[in-house]
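Text of coords_7.cif, listed as mmCIF, C-alpha atoms and all ligand atoms:
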data_target
loop_
_atom_site.label_atom_id
_atom_site.label_comp_id
_atom_site.auth_asym_id
_atom_site.auth_seq_id
_atom_site.Cartn_x
_atom_site.Cartn_y
_atom_site.Cartn_z
CA MET A 55 12.69 -11.77 -8.74
CA ALA A 56 14.41 -8.97 -10.67
CA ASN A 57 13.95 -5.42 -9.47
CA LEU A 58 12.34 -2.88 -11.76
CA LEU A 59 13.45 -0.02 -9.57
CA GLU A 60 16.26 0.39 -7.10
CA VAL A 61 16.94 3.44 -5.00
CA GLN A 62 20.41 3.34 -3.52
CA GLN A 63 21.22 5.39 -0.44
CA ALA A 64 19.30 8.48 -1.43
CA THR A 65 19.70 11.57 0.72
CA LYS A 66 17.91 14.87 0.19
CA ARG A 67 18.44 18.03 2.20
CA PHE A 68 16.51 21.28 2.15
CA GLY A 69 18.95 23.74 3.69
CA THR A 70 20.02 22.22 6.95
CA PHE A 71 16.97 19.97 7.12
CA THR A 72 17.36 16.37 5.94
CA ALA A 73 14.10 15.24 4.34
CA LEU A 74 15.46 11.89 3.19
CA ASN A 75 18.33 10.17 4.95
CA ASN A 76 20.26 7.42 3.17
CA VAL A 77 17.16 5.60 1.96
CA SER A 78 17.40 2.50 -0.24
CA ILE A 79 14.48 0.54 -1.63
CA GLN A 80 14.16 -2.37 -4.02
CA VAL A 81 10.96 -2.69 -6.00
CA PRO A 82 10.53 -6.12 -7.64
CA LYS A 83 9.06 -6.30 -11.14
CA GLY A 84 5.32 -6.87 -11.03
CA SER A 85 4.93 -5.97 -7.37
CA ILE A 86 2.61 -3.53 -5.64
CA PHE A 87 4.98 -1.71 -3.38
CA GLY A 88 3.57 0.36 -0.51
CA LEU A 89 5.63 3.31 0.60
CA LEU A 90 4.29 3.83 4.09
CA GLY A 91 4.97 6.41 6.74
CA PRO A 92 3.42 9.20 8.81
CA ASN A 93 2.94 12.69 7.38
CA GLY A 94 6.25 14.41 6.79
CA ALA A 95 8.24 11.17 6.74
CA GLY A 96 9.79 11.82 3.33
CA LYS A 97 7.60 9.72 1.02
CA THR A 98 6.80 12.48 -1.47
CA THR A 99 10.43 13.58 -1.51
CA LEU A 100 11.48 10.06 -2.48
CA ILE A 101 8.75 9.86 -5.13
CA ARG A 102 9.82 13.19 -6.59
CA ILE A 103 13.40 11.91 -6.82
CA ILE A 104 12.23 8.78 -8.67
CA ASN A 105 10.32 11.03 -11.06
CA GLN A 106 13.37 13.25 -11.65
CA ILE A 107 11.56 16.30 -10.34
CA THR A 108 14.08 16.68 -7.52
CA LEU A 109 17.68 15.55 -7.65
CA PRO A 110 19.02 13.72 -4.61
CA ASP A 111 22.06 15.23 -2.88
CA GLU A 112 23.48 11.74 -2.65
CA GLY A 113 22.51 8.34 -3.98
CA ASN A 114 21.38 6.71 -7.20
CA VAL A 115 18.21 5.46 -8.77
CA LEU A 116 18.20 2.57 -11.22
CA LEU A 117 15.29 1.71 -13.48
CA ASP A 118 15.71 -1.69 -15.10
CA ASN A 119 19.34 -1.59 -13.91
CA GLU A 120 20.02 1.69 -15.75
CA PRO A 121 20.77 4.94 -13.94
CA LEU A 122 17.76 7.26 -14.29
CA GLN A 123 17.79 9.38 -17.42
CA PRO A 124 15.35 11.90 -18.88
CA HIS A 125 13.94 9.33 -21.34
CA HIS A 126 12.76 7.19 -18.42
CA VAL A 127 9.96 9.67 -17.77
CA LYS A 128 7.87 7.96 -20.47
CA ASP A 129 8.23 4.62 -18.66
CA ILE A 130 6.60 6.01 -15.55
CA GLY A 131 3.01 7.05 -14.88
CA TYR A 132 2.95 9.47 -11.98
CA LEU A 133 -0.02 10.70 -10.00
CA PRO A 134 1.33 13.55 -7.89
CA GLU A 135 0.10 14.32 -4.41
CA GLU A 136 -0.70 17.88 -5.45
CA ARG A 137 -3.12 17.11 -8.23
CA GLY A 138 -2.90 19.60 -11.03
CA LEU A 139 -5.18 19.92 -14.02
CA TYR A 140 -5.87 23.13 -15.92
CA LYS A 141 -9.04 24.32 -14.28
CA SER A 142 -10.53 26.15 -17.23
CA MET A 143 -9.85 23.47 -19.83
CA LYS A 144 -12.50 20.94 -20.69
CA VAL A 145 -12.06 17.42 -19.36
CA GLY A 146 -11.87 15.59 -22.69
CA GLU A 147 -9.74 18.21 -24.38
CA GLN A 148 -7.28 18.15 -21.51
CA ALA A 149 -7.14 14.37 -21.26
CA LEU A 150 -6.42 14.19 -25.01
CA TYR A 151 -3.72 16.82 -24.71
CA LEU A 152 -1.99 15.09 -21.78
CA ALA A 153 -2.24 11.69 -23.46
CA GLN A 154 -0.49 13.04 -26.54
CA LEU A 155 2.25 14.52 -24.37
CA LYS A 156 2.86 10.96 -23.19
CA GLY A 157 3.45 9.88 -26.78
CA LEU A 158 0.06 8.52 -27.81
CA SER A 159 -1.38 9.43 -31.19
CA LYS A 160 -4.65 11.32 -31.13
CA THR A 161 -6.61 8.32 -32.42
CA GLU A 162 -5.02 6.00 -29.90
CA ALA A 163 -5.60 8.48 -27.10
CA LYS A 164 -9.25 8.87 -28.05
CA GLU A 165 -9.77 5.12 -28.15
CA ARG A 166 -8.15 4.52 -24.77
CA LEU A 167 -9.91 7.48 -23.16
CA LYS A 168 -13.24 6.21 -24.39
CA TYR A 169 -12.49 2.85 -22.79
CA TRP A 170 -11.63 4.44 -19.44
CA PHE A 171 -14.43 7.02 -19.45
CA ASP A 172 -16.92 4.23 -20.15
CA LYS A 173 -15.36 2.06 -17.47
CA PHE A 174 -15.65 4.83 -14.87
CA ASP A 175 -19.06 5.81 -16.23
CA ILE A 176 -17.98 9.42 -16.73
CA THR A 177 -18.45 9.87 -20.48
CA HIS A 178 -20.88 12.73 -19.78
CA TRP A 179 -18.03 14.68 -18.16
CA TRP A 180 -16.19 14.99 -21.47
CA ASP A 181 -17.29 18.57 -22.17
CA LYS A 182 -17.33 19.80 -18.58
CA LYS A 183 -14.63 22.12 -17.35
CA ILE A 184 -12.30 20.75 -14.68
CA GLN A 185 -13.41 23.52 -12.33
CA GLU A 186 -16.97 22.15 -12.50
CA LEU A 187 -15.79 18.81 -11.10
CA SER A 188 -15.47 17.94 -7.42
CA LYS A 189 -12.03 17.09 -6.10
CA GLY A 190 -12.77 13.38 -6.28
CA MET A 191 -14.09 13.68 -9.82
CA ALA A 192 -11.01 15.57 -11.01
CA GLN A 193 -8.88 12.95 -9.34
CA LYS A 194 -10.55 10.20 -11.35
CA VAL A 195 -9.68 12.06 -14.54
CA GLN A 196 -6.11 12.42 -13.37
CA PHE A 197 -5.89 8.74 -12.50
CA ILE A 198 -6.95 7.88 -16.06
CA VAL A 199 -4.37 10.22 -17.54
CA THR A 200 -1.69 8.66 -15.32
CA VAL A 201 -2.26 5.10 -16.51
CA LEU A 202 -3.37 5.75 -20.10
CA HIS A 203 -0.02 5.26 -21.84
CA ARG A 204 0.47 1.92 -20.04
CA PRO A 205 3.86 2.65 -18.50
CA LYS A 206 5.73 -0.20 -16.87
CA LEU A 207 5.99 1.65 -13.58
CA LEU A 208 3.07 3.45 -11.94
CA ILE A 209 3.63 5.75 -9.01
CA PHE A 210 0.64 7.04 -7.08
CA ASP A 211 1.29 9.53 -4.31
CA GLU A 212 -1.51 9.18 -1.74
CA PRO A 213 -3.95 7.86 -4.36
CA PHE A 214 -6.84 7.43 -1.94
CA SER A 215 -6.84 10.85 -0.33
CA GLY A 216 -9.76 12.92 -1.57
CA PHE A 217 -11.81 9.86 -2.51
CA ASP A 218 -14.93 8.62 -0.74
CA PRO A 219 -14.80 4.93 0.29
CA ILE A 220 -16.65 3.76 -2.81
CA ASN A 221 -14.36 5.52 -5.25
CA ALA A 222 -11.31 4.54 -3.21
CA ASN A 223 -12.45 0.96 -3.79
CA VAL A 224 -12.79 1.56 -7.51
CA ILE A 225 -9.21 2.86 -7.61
CA LYS A 226 -7.99 -0.06 -5.49
CA ASP A 227 -9.53 -2.56 -7.90
CA GLU A 228 -8.00 -0.73 -10.85
CA ILE A 229 -4.57 -0.87 -9.23
CA LEU A 230 -4.92 -4.64 -8.80
CA GLN A 231 -6.06 -4.94 -12.42
CA LEU A 232 -3.06 -2.92 -13.64
CA GLN A 233 -0.74 -5.23 -11.74
CA GLU A 234 -2.46 -8.21 -13.32
CA GLU A 235 -1.72 -6.70 -16.71
CA GLY A 236 1.96 -6.54 -15.85
CA ALA A 237 2.56 -3.11 -14.37
CA THR A 238 4.71 -2.51 -11.31
CA VAL A 239 3.06 -0.16 -8.84
CA ILE A 240 4.45 2.04 -6.10
CA PHE A 241 2.01 3.96 -3.99
CA SER A 242 2.48 6.06 -0.90
CA THR A 243 0.08 6.35 1.97
CA HIS A 244 0.00 7.49 5.57
CA ARG A 245 -3.18 5.49 6.17
CA MET A 246 -3.07 1.74 6.44
CA GLU A 247 -6.47 0.87 4.95
CA SER A 248 -6.06 -0.88 1.59
CA VAL A 249 -2.40 -1.66 2.27
CA GLU A 250 -3.27 -5.12 3.49
CA GLU A 251 -5.27 -5.95 0.37
CA LEU A 252 -2.98 -4.30 -2.13
CA CYS A 253 0.68 -4.55 -1.21
CA ASP A 254 2.95 -7.53 -1.56
CA HIS A 255 5.99 -5.41 -0.60
CA ILE A 256 6.30 -2.43 1.72
CA ALA A 257 8.86 0.05 2.96
CA LEU A 258 8.23 2.08 6.05
CA ILE A 259 9.74 5.56 6.17
CA HIS A 260 9.86 7.45 9.42
CA LYS A 261 11.51 10.82 10.05
CA SER A 262 13.45 10.64 6.77
CA LYS A 263 14.79 7.13 7.36
CA LYS A 264 13.69 3.75 6.11
CA ILE A 265 13.00 1.64 9.16
CA LEU A 266 11.50 -1.47 7.56
CA GLU A 267 11.32 -3.02 4.10
CA GLY A 268 10.44 -6.33 2.57
CA LYS A 269 7.92 -8.78 1.37
CA VAL A 270 4.75 -8.44 3.46
CA THR A 271 4.58 -12.16 4.24
CA ASP A 272 8.23 -12.18 5.41
CA ILE A 273 7.65 -9.15 7.60
CA LYS A 274 4.58 -10.75 9.12
CA LYS A 275 6.54 -13.92 9.82
CA ALA A 276 9.18 -11.86 11.58
CA TYR A 277 6.59 -10.01 13.68
CA LYS A 278 4.32 -12.86 14.65
CA THR A 279 4.54 -14.01 18.23
CA ASN A 280 3.49 -17.66 18.18
CA THR A 281 0.05 -16.68 19.44
CA PHE A 282 -3.16 -18.57 18.84
CA GLU A 283 -6.76 -17.55 19.21
CA VAL A 284 -8.62 -20.35 20.91
CA GLY A 285 -12.28 -21.17 21.54
CA LEU A 286 -12.78 -24.04 23.94
CA LEU A 287 -15.97 -25.66 25.21
CA ALA A 288 -15.28 -27.04 28.66
CA ASP A 289 -17.57 -28.06 31.51
CA ASN A 290 -15.43 -26.66 34.28
CA SER A 291 -14.28 -23.62 32.37
CA MET A 292 -13.08 -21.54 35.34
CA GLN A 293 -10.78 -24.32 36.44
CA VAL A 294 -9.52 -24.99 32.91
CA TYR A 295 -8.77 -21.31 32.41
CA ALA A 296 -6.77 -21.22 35.64
CA GLU A 297 -4.82 -24.30 34.59
CA LEU A 298 -4.06 -22.82 31.20
CA GLN A 299 -2.88 -19.62 32.81
CA ASP A 300 -0.47 -21.60 34.95
CA LYS A 301 1.00 -23.28 31.92
CA PHE A 302 0.92 -20.65 29.14
CA LYS A 303 0.66 -16.93 28.56
CA VAL A 304 -3.11 -16.48 28.28
CA VAL A 305 -5.25 -13.38 27.78
CA PRO A 306 -9.00 -13.22 27.20
CA ALA A 307 -10.13 -12.81 23.60
CA ASP A 308 -13.35 -11.57 22.11
CA PHE A 309 -15.16 -13.15 19.19
CA LYS A 310 -18.74 -14.09 18.49
CA THR A 311 -19.95 -17.59 19.24
CA ILE A 312 -23.38 -19.14 19.67
CA ASP A 313 -22.41 -21.04 22.79
CA ASP A 314 -20.50 -20.31 25.96
CA GLN A 315 -16.85 -20.93 25.03
CA LEU A 316 -13.68 -20.03 26.80
CA LYS A 317 -12.24 -17.41 24.46
CA MET A 318 -8.57 -16.58 24.77
CA LYS A 319 -5.31 -15.83 23.09
CA ILE A 320 -2.50 -18.14 24.03
CA THR A 321 1.13 -17.29 23.35
CA LEU A 322 3.61 -20.13 23.25
CA ASP A 323 7.30 -20.17 24.02
CA ASN A 324 9.29 -20.97 20.93
CA ASN A 325 10.01 -24.49 22.18
CA LEU A 326 6.32 -25.44 22.05
CA SER A 327 4.52 -26.25 18.81
CA SER A 328 0.93 -25.50 17.90
CA ASN A 329 0.25 -29.23 17.79
CA GLU A 330 1.37 -29.63 21.39
CA LEU A 331 -0.97 -26.84 22.44
CA LEU A 332 -3.81 -28.34 20.44
CA GLN A 333 -3.23 -31.72 22.03
CA TYR A 334 -3.23 -30.16 25.49
CA LEU A 335 -6.42 -28.24 24.77
CA SER A 336 -8.24 -31.23 23.33
CA ASN A 337 -7.71 -33.03 26.63
CA LYS A 338 -9.44 -30.16 28.44
CA GLY A 339 -12.54 -29.81 26.29
CA GLN A 340 -13.90 -29.44 22.79
CA VAL A 341 -11.70 -27.19 20.63
CA MET A 342 -14.05 -25.00 18.59
CA ARG A 343 -11.54 -22.49 17.27
CA PHE A 344 -7.80 -22.58 16.76
CA ASN A 345 -6.30 -19.79 14.68
CA GLU A 346 -2.80 -18.46 14.40
CA VAL A 347 -2.78 -14.72 15.15
CA ILE A 348 -1.05 -12.92 12.29
CA PRO A 349 -0.15 -9.28 12.87
CA GLY A 350 -1.74 -6.72 10.56
CA VAL A 351 0.28 -4.16 8.63
CA ASN A 352 -1.26 -1.43 10.77
CA GLU A 353 -0.07 -3.11 13.95
CA ILE A 354 3.41 -3.57 12.48
CA PHE A 355 3.44 0.07 11.35
CA ILE A 356 2.60 1.33 14.84
CA LYS A 357 4.98 -1.02 16.62
CA THR A 358 7.95 -0.26 14.35
CA ILE A 359 7.40 3.48 14.62
CA THR A 360 7.04 3.34 18.41
CA ASP A 361 10.20 1.25 18.68
CA ASN A 362 12.06 3.83 16.57
CA GLU A 363 10.97 6.93 18.52
P1 LIG B 1 5.55 12.89 3.23
O1 LIG B 1 5.24 12.80 1.77
O2 LIG B 1 6.07 11.60 3.78
O3 LIG B 1 4.41 13.39 4.03
P2 LIG B 1 7.48 14.89 2.37
O4 LIG B 1 8.46 14.13 1.57
O5 LIG B 1 6.48 15.70 1.64
O6 LIG B 1 6.76 13.92 3.42
O7 LIG B 1 8.26 15.85 3.35
C1 LIG B 1 9.30 15.41 4.18
C2 LIG B 1 9.83 16.59 4.93
O8 LIG B 1 10.57 17.43 4.05
C3 LIG B 1 8.76 17.46 5.56
O9 LIG B 1 9.22 17.88 6.82
C4 LIG B 1 8.64 18.60 4.59
O10 LIG B 1 8.24 19.78 5.26
C5 LIG B 1 10.05 18.75 4.07
N1 LIG B 1 10.07 19.29 2.69
C6 LIG B 1 9.56 18.68 1.60
N2 LIG B 1 9.76 19.42 0.49
C7 LIG B 1 10.41 20.54 0.90
C8 LIG B 1 10.93 21.70 0.22
N3 LIG B 1 10.80 21.86 -1.12
N4 LIG B 1 11.57 22.63 0.98
C9 LIG B 1 11.72 22.45 2.30
N5 LIG B 1 11.27 21.40 3.00
C10 LIG B 1 10.64 20.44 2.31
MG MG B 2 3.48 13.15 0.79
#
Rewrite the structure of this file - the entire thing - as structure tokens.
Ligand code: ADP
Ligand code: MG
Amino acid sequence: MANLLEVQQATKRFGTFTALNNVSIQVPKGSIFGLLGPNGAGKTTLIRIINQITLPDEGNVLLDNEPLQPHHVKDIGYLPEERGLYKSMKVGEQALYLAQLKGLSKTEAKERLKYWFDKFDITHWWDKKIQELSKGMAQKVQFIVTVLHRPKLLIFDEPFSGFDPINANVIKDEILQLQEEGATVIFSTHRMESVEELCDHIALIHKSKKILEGKVTDIKKAYKTNTFEVGLLADNSMQVYAELQDKFKVVPADFKTIDDQLKMKITLDNNLSSNELLQYLSNKGQVMRFNEVIPGVNEIFIKTITDNE
């Protein structure tokens, strides 16, 4: 798949401090790309470089294979981490103004704003001042303004912070919808909720360096350990458990069942296949559950960071 955005070996220093150290990322067209990392990792610095707010000390950024230029700003919708709307302006007036700055005609802007305000059920906010809105409410308005001109690349810096779970879900669904309509999305987060449901690609930044990047399914394949969650109904369960422990790496597992099963996680050496394990188990009792254990993004995040300390 072609890349919409490529960052090549970007480095950014503030004085003697290196905020971003030789970071490269490749964002495929049509993907939802999660820029993950703890607080202070360098995510916002990278996002500001992509938005031409900060210049990198070294490195290049390509959008559609072209080095970034001022005119690319209109191809990008950017929701900054520090949300900024004019507090004393009215919501509608301000949304119209910002939409026109992005190149929409007034009529077009009005039409699209009406669509979004109806969708978010906030039409009655139109004449309120921004300062009358809660943080979450203002953030909804800013989200709308970010996506309104339908740019091909959307960049959301910590889009879920400041939202309650219900509104975070609304935003999550909108992000998926925007991808469906053809947009490429980059969003940063230091919290792993939603990443699993949203991202098909991720990059993990830690202490200014990229320590992991790729397609989520490929990363999961690389991190999985040939482990299976097993539920087994056996008459002589103590004895079966002991036998299994002799033969495989077994730890107890916990899941709900309506009968008294042996519940465990079994890790196989690479020379054994799941079918061989299943065959072995079916000779010992009734196999009620047999699932491959696939690591979650959160688990991968923690493991990779710990390994890189
Ligand atoms: P993140 O978004 O991952 O939380 P940032 O990119 O905001 O991290 O910051 C990375 C590091 O760079 C932090 O240690 C931050 O204090 C530092 N930093 C960011 N911007 C500036 C700046 N303008 N001047 C000095 N230090 C900065
Ligand atoms: Mg940040």
Checklist entry - Which polymer residues have any atom within 10 Å of an atom of A:Thr72, counting only C-alpha atoms, with same-chain residues fewer than 3 positions away left out, as a PyMOL selection string? => result chain A and resi 65-69+75-76+96+261-263
Next on the checklist: Please compute the atom CA of A:Ile225-atom CA of A:Glu250 distance, one decimal, in Å.
Outcome noted: 14.9 Å
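Within the 12 Å cut-off around A:Ala56, using all atoms listed in the file and omitting residues fewer than 6 positions from it on the same chain, the listed residues are A:Gln80, A:Val81, A:Pro82, A:Lys83, A:Gly84, A:Ser85, A:Leu117, A:Asp118, A:Asn119, A:Thr238.
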Output C-alpha atoms for every residue in the selection just made, as an mmCIF file, in the frame of the given file.
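So selection-v7.cif came out as:
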data_model
loop_
_atom_site.group_PDB
_atom_site.id
_atom_site.type_symbol
_atom_site.label_atom_id
_atom_site.label_comp_id
_atom_site.auth_asym_id
_atom_site.auth_seq_id
_atom_site.Cartn_x
_atom_site.Cartn_y
_atom_site.Cartn_z
ATOM 1 C CA GLN A 80 14.160 -2.370 -4.020
ATOM 2 C CA VAL A 81 10.960 -2.690 -6.000
ATOM 3 C CA PRO A 82 10.530 -6.120 -7.640
ATOM 4 C CA LYS A 83 9.060 -6.300 -11.140
ATOM 5 C CA GLY A 84 5.320 -6.870 -11.030
ATOM 6 C CA SER A 85 4.930 -5.970 -7.370
ATOM 7 C CA LEU A 117 15.290 1.710 -13.480
ATOM 8 C CA ASP A 118 15.710 -1.690 -15.100
ATOM 9 C CA ASN A 119 19.340 -1.590 -13.910
ATOM 10 C CA THR A 238 4.710 -2.510 -11.310
#
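Closest to ligand MG 2 (chain B) among A:His126, A:Lys338, A:Lys274, A:His244 is A:His244, based on all atoms listed in the file.
With distances taken over all atoms listed in the file, A:Asp254 is the one residue among A:Asp254, A:Asp313, A:Glu330, A:Asp323 lying closest to A:Val351.
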Next on the checklist: Within 9 Å of ligand LIG 1 (chain B) (counting only C-alpha atoms and all ligand atoms), which residues show up? I'd like them as a ChimeraX atom specification.
Outcome noted: /A:66-69,71-74,89-102,108,135,211-212,242-244,259-262
Checklist outcome for this item: Among A:Tyr151, A:Tyr169, A:Trp179, A:Phe197, A:Ala222 is approached most closely, using all atoms listed in the file, by A:Phe197
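Between atom CA of A:Glu136 and atom CA of A:Met246 the interatomic distance comes to 20.2 Å.
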Checklist entry - Taking all atoms listed in the file into account, which of A:Gly157, A:Pro205, A:Val195, A:Asp129 comes nearest A:Asp175? => result A:Val195
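Of the residues listed (A:Val115, A:Ile103, A:Leu58, A:Val77), A:Val77 shows the shortest atom-to-atom separation from A:Glu267; distances use all atoms listed in the file.
You can rank A:Ala237, A:Leu122, A:Ile198, A:Leu152 by their closest distance to A:Asn105 using all atoms listed in the file, and at the top of that list sits A:Leu122.
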Item to check | Computed interatomic separation between atom CA of A:Asn114 and atom CA of A:Ile79 (Å) | outcome: 10.8 Å
Checklist entry - Near A:Gly88, within 7 Å and counting only C-alpha atoms, which residues show up once chain neighbours fewer than 2 positions away are dropped, as a ChimeraX atom specification? => result /A:86,90,240-242,249,253,255-257
Could you name the residues that touch stretch 286-295 of chain A at 10 Å or less, counting only C-alpha atoms, but leaving out those on the same chain fewer than 5 positions away, as a short mmCIF file (atom, residue, chain, number, x, y, z; two decimals) with C-alpha atoms, in the frame of the given file?
data_model
loop_
_atom_site.label_atom_id
_atom_site.label_comp_id
_atom_site.auth_asym_id
_atom_site.auth_seq_id
_atom_site.Cartn_x
_atom_site.Cartn_y
_atom_site.Cartn_z
CA ASP A 300 -0.47 -21.60 34.95
CA LYS A 301 1.00 -23.28 31.92
CA VAL A 304 -3.11 -16.48 28.28
CA VAL A 305 -5.25 -13.38 27.78
CA PRO A 306 -9.00 -13.22 27.20
CA ASP A 313 -22.41 -21.04 22.79
CA ASP A 314 -20.50 -20.31 25.96
CA GLN A 315 -16.85 -20.93 25.03
CA LEU A 316 -13.68 -20.03 26.80
CA LYS A 317 -12.24 -17.41 24.46
CA MET A 318 -8.57 -16.58 24.77
CA LEU A 335 -6.42 -28.24 24.77
CA SER A 336 -8.24 -31.23 23.33
CA ASN A 337 -7.71 -33.03 26.63
CA LYS A 338 -9.44 -30.16 28.44
CA GLY A 339 -12.54 -29.81 26.29
CA GLN A 340 -13.90 -29.44 22.79
CA VAL A 341 -11.70 -27.19 20.63
CA MET A 342 -14.05 -25.00 18.59
CA ARG A 343 -11.54 -22.49 17.27
CA PHE A 344 -7.80 -22.58 16.76
#
List every protein, DNA or RNA residue with an atom no more than 7 Å from (-0.7, -21.2, 23.3) in the file's coordinates, counting all atoms listed in the file, and format the result as a JSON list (two decimals) with C-alpha atoms, in the frame of the given file.
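What follows is the written file point30.json:
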[["chain", "number", "residue", "atom", "x", "y", "z"],
["A", 281, "THR", "CA", 0.05, -16.68, 19.44],
["A", 282, "PHE", "CA", -3.16, -18.57, 18.84],
["A", 302, "PHE", "CA", 0.92, -20.65, 29.14],
["A", 303, "LYS", "CA", 0.66, -16.93, 28.56],
["A", 320, "ILE", "CA", -2.50, -18.14, 24.03],
["A", 321, "THR", "CA", 1.13, -17.29, 23.35],
["A", 322, "LEU", "CA", 3.61, -20.13, 23.25],
["A", 331, "LEU", "CA", -0.97, -26.84, 22.44]]
Next on the checklist: Applying 10 Å and all atoms listed in the file, which residues near A:Lys164 remain after dropping the ones on its own chain fewer than 6 positions away? List them as a ChimeraX atom specification.
Outcome noted: /A:146,149-150,153-154,158,170
